[in-house]
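K.L.:
Dropping the structure in here first, questions after.
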Amino acid sequence: PGAALSTRSTPQPAREKGAHDAAFARRIHALFTVPKTCVVGYNNVRFDDEVTRNIFYRNFYDPYAWSWQHDNSRWDLLDVMRACYALRPEGINWPENDDGLPSFRLEHLTQANGIEHSNAHDAMADVYATIAMAQLVKTRQPRLFDYLYSHRSKHKLAALIDVPQMKPLVHVSGMFGAWRGNTSWVAPLAWHPENRNAVIMVELAGDISPHLELDSDTLRARLYTAKTDLGDHAAVPVKLVHINKCPVLAQANTLRPEDADRLGINRQHCLDNLKVLRENP
């Protein structure tokens, strides 16, 4: 019901003009599996791609092959916009929400930058708006755009990760929160023992004392405890980064000192934490 209200599409015209599930899956699969296709959306990695996999699976198509076979790939413009705001914000207008934090809602970004998007949440309107925002970043910050596009593959991202040296990187992720531009310095601790596409990262801007004071069982329990239930205990500043989900990772010095100050990231605190971690492997 909620989707019908947002899109103003009721079941009757959908049945009259639309395609049944199998026919729809066949058409989408044919488009997505054209060699060297890169499927791009806005928050697609976390939402649309999962829906696509489900549709393909229930219609007897490989749910994953479309995104990697035949030199195919995927990319998510939402994280591109977050990275642009954090690392190279010049030339683009950045709207704020009611709390005074940066808003990355597509309709807010298009409105702030004078891009036509009068029918937000209509599928085609959102497609054209996403293309227009991609073109804006490509025009205003071409080096960042090209870097992020070339580092959408897990192989390119894996080359950045140096676990033995705990090489620091800048990471942009919605998990960090808009209040600090969704950004932090991180350092790799280890590759996940069961998922070869996941690396365990420590957030250098956080409180690393739990790593030094707690045993592994307590760390694990604390890691999976909701922040509201931690009481006076410090949260464990650890997150998994899945290199097959187009995460934004770059050399640590990509975060310029003036941008770190703007985002409230204490670079010296991050460096001090890194030094302690390297001295206590």
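Identifiers in this document derive from the order of the structure tokens: chains are assigned A, B, ..., residues are numbered from 1 separately in each chain, and ligands are numbered from 1 in order of occurrence.
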Can you list, as number ranges by chain, every protein, DNA or RNA residue that comes within 9 Å of segment 113-115 of chain A when you count only C-alpha atoms, leaving out same-chain residues fewer than 2 positions away?
P.N.:
A: 92-95, 108-111, 117, 129, 132-133, 136
K.L.:
As number ranges by chain, please: all residues of segment 58-217 of chain A that backbone DSSP puts in strand (DSSP E).
P.N.:
A: 73-76, 169-172, 183-191, 198-203
K.L.:
Save out the residues we just selected, N, CA and C atoms, as a short mmCIF file (atom, residue, chain, number, x, y, z; two decimals), in the first residue's frame.
P.N.:
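Result written to part04.cif:
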data_model
loop_
_atom_site.label_atom_id
_atom_site.label_comp_id
_atom_site.auth_asym_id
_atom_site.auth_seq_id
_atom_site.Cartn_x
_atom_site.Cartn_y
_atom_site.Cartn_z
N SER A 73 29.95 -5.40 -13.98
CA SER A 73 30.21 -4.84 -12.65
C SER A 73 28.98 -4.08 -12.17
N ARG A 74 29.10 -3.54 -10.97
CA ARG A 74 28.04 -2.69 -10.41
C ARG A 74 28.69 -1.54 -9.64
N TRP A 75 27.92 -0.51 -9.38
CA TRP A 75 28.44 0.70 -8.73
C TRP A 75 27.28 1.40 -8.07
N ASP A 76 27.54 2.13 -7.00
CA ASP A 76 26.47 2.78 -6.24
C ASP A 76 26.76 4.26 -6.11
N LEU A 169 43.71 3.70 5.83
CA LEU A 169 42.94 4.12 4.66
C LEU A 169 41.83 5.05 5.11
N VAL A 170 41.33 5.86 4.20
CA VAL A 170 40.11 6.61 4.48
C VAL A 170 38.94 5.80 3.93
N HIS A 171 37.91 5.69 4.73
CA HIS A 171 36.74 4.88 4.37
C HIS A 171 35.49 5.73 4.53
N VAL A 172 34.65 5.73 3.51
CA VAL A 172 33.38 6.45 3.55
C VAL A 172 32.27 5.43 3.58
N THR A 183 32.49 9.38 7.39
CA THR A 183 33.89 9.17 7.03
C THR A 183 34.75 8.91 8.26
N SER A 184 35.76 8.08 8.09
CA SER A 184 36.76 7.87 9.13
C SER A 184 38.03 7.30 8.51
N TRP A 185 39.12 7.41 9.25
CA TRP A 185 40.31 6.64 8.92
C TRP A 185 40.13 5.26 9.53
N VAL A 186 40.55 4.24 8.81
CA VAL A 186 40.48 2.86 9.29
C VAL A 186 41.82 2.18 9.02
N ALA A 187 42.03 1.05 9.70
CA ALA A 187 43.21 0.23 9.46
C ALA A 187 42.77 -1.23 9.47
N PRO A 188 43.31 -2.04 8.55
CA PRO A 188 42.91 -3.44 8.48
C PRO A 188 43.59 -4.27 9.57
N LEU A 189 42.79 -5.06 10.27
CA LEU A 189 43.31 -5.95 11.30
C LEU A 189 43.54 -7.37 10.78
N ALA A 190 42.61 -7.86 9.96
CA ALA A 190 42.71 -9.23 9.45
C ALA A 190 41.65 -9.45 8.39
N TRP A 191 41.90 -10.38 7.50
CA TRP A 191 40.86 -10.83 6.59
C TRP A 191 39.91 -11.74 7.36
N ALA A 198 35.69 -10.11 2.79
CA ALA A 198 35.49 -9.20 3.91
C ALA A 198 36.79 -9.03 4.69
N VAL A 199 37.07 -7.79 5.05
CA VAL A 199 38.25 -7.48 5.85
C VAL A 199 37.78 -6.81 7.14
N ILE A 200 38.40 -7.18 8.25
CA ILE A 200 38.06 -6.61 9.55
C ILE A 200 38.87 -5.33 9.74
N MET A 201 38.17 -4.23 9.86
CA MET A 201 38.80 -2.92 9.98
C MET A 201 38.55 -2.33 11.37
N VAL A 202 39.55 -1.62 11.88
CA VAL A 202 39.36 -0.87 13.11
C VAL A 202 39.20 0.60 12.75
N GLU A 203 38.25 1.24 13.37
CA GLU A 203 38.01 2.66 13.13
C GLU A 203 38.96 3.47 14.01
#
K.L.:
Might you pull out every residue within 12 Å of Ser153 of chain A, with only C-alpha atoms counted and same-chain residues fewer than 6 positions away left off, and present them as an NGL selection string?
P.N.:
:A and (38 or 67-68 or 71-76 or 147 or 159-160 or 197 or 242-249)
K.L.:
Using the selection just defined, write its residues with C-alpha atoms as a compact mmCIF listing (two decimals), in the first residue's frame.
P.N.:
# COMPACT_ATOMS: atom_id res chain seq x y z
CA CYS A 38 28.03 -1.70 -15.26
CA SER A 67 27.29 -8.50 -11.66
CA TRP A 68 30.65 -10.08 -12.48
CA ASP A 71 33.56 -8.19 -17.37
CA ASN A 72 30.33 -6.89 -15.85
CA SER A 73 30.21 -4.84 -12.65
CA ARG A 74 28.04 -2.69 -10.41
CA TRP A 75 28.44 0.70 -8.73
CA ASP A 76 26.47 2.78 -6.24
CA TYR A 147 39.14 7.01 -9.09
CA ALA A 159 45.31 -4.15 -3.65
CA LEU A 160 44.87 -1.20 -1.26
CA ASN A 197 35.58 -10.77 0.44
CA HIS A 242 33.04 -6.11 2.05
CA ILE A 243 35.23 -5.44 -0.96
CA ASN A 244 32.63 -6.99 -3.31
CA LYS A 245 30.09 -4.29 -2.36
CA CYS A 246 31.87 -1.28 -3.93
CA PRO A 247 33.01 0.31 -0.64
CA VAL A 248 34.80 3.65 -0.79
CA LEU A 249 38.43 3.14 0.23
K.L.:
With distances taken over only C-alpha atoms, which residue among A:Leu204, A:Leu230, A:Ala235, A:Ala252 lies nearest Arg278 of chain A?
P.N.:
A:Leu204
K.L.:
May I ask for the distance between atom CA of Pro164 of chain A and atom CA of Ala234 of chain A, given in Å to one decimal place?
P.N.:
26.2 Å
K.L.:
Run DSSP on the backbone and tell me which residues of segment 3-232 of chain A come out as helix (DSSP H, G or I); list them as a VMD selection string.
P.N.:
chain A and resid 3 to 7 11 to 17 21 to 32 44 to 58 65 to 67 69 to 71 77 to 87 106 to 112 123 to 140 142 to 150 154 to 158 174 to 176 178 to 180 209 to 213 216 to 223 227 to 229
K.L.:
Given only C-alpha atoms, how would the per-residue table for segment 105-178 of chain A near segment 41-49 of chain A read, listing every residue at most 9 Å away with its closest atom pair and distance in Å to one decimal, sorted by chain and number, as a tab-separated table?
P.N.:
residue	atom	partner	partner_atom	distance
A:Leu106	CA	A:Tyr42	CA	7.8
A:Asp126	CA	A:Tyr42	CA	8.7
A:Val127	CA	A:Gly41	CA	7.8
A:Thr130	CA	A:Tyr42	CA	6.8
A:Ile131	CA	A:Gly41	CA	8.9
K.L.:
For the selection just defined, write its residues with C-alpha atoms to a file, as a short mmCIF file (atom, residue, chain, number, x, y, z; two decimals), in the first residue's frame.
P.N.:
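Saved to selection05.cif:
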data_model
loop_
_atom_site.label_atom_id
_atom_site.label_comp_id
_atom_site.auth_asym_id
_atom_site.auth_seq_id
_atom_site.Cartn_x
_atom_site.Cartn_y
_atom_site.Cartn_z
CA LEU A 106 18.40 12.12 -4.15
CA ASP A 126 14.84 8.77 -10.41
CA VAL A 127 16.85 7.22 -13.26
CA THR A 130 20.75 9.67 -10.87
CA ILE A 131 22.34 10.13 -14.30
#
K.L.:
Between A:Arg140, A:Arg8, A:Arg26, A:Lys167, which has the minimum distance to Lys275 of chain A (counting only C-alpha atoms)?
P.N.:
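Closest to Lys275 of chain A, using only C-alpha atoms: A:Lys167.
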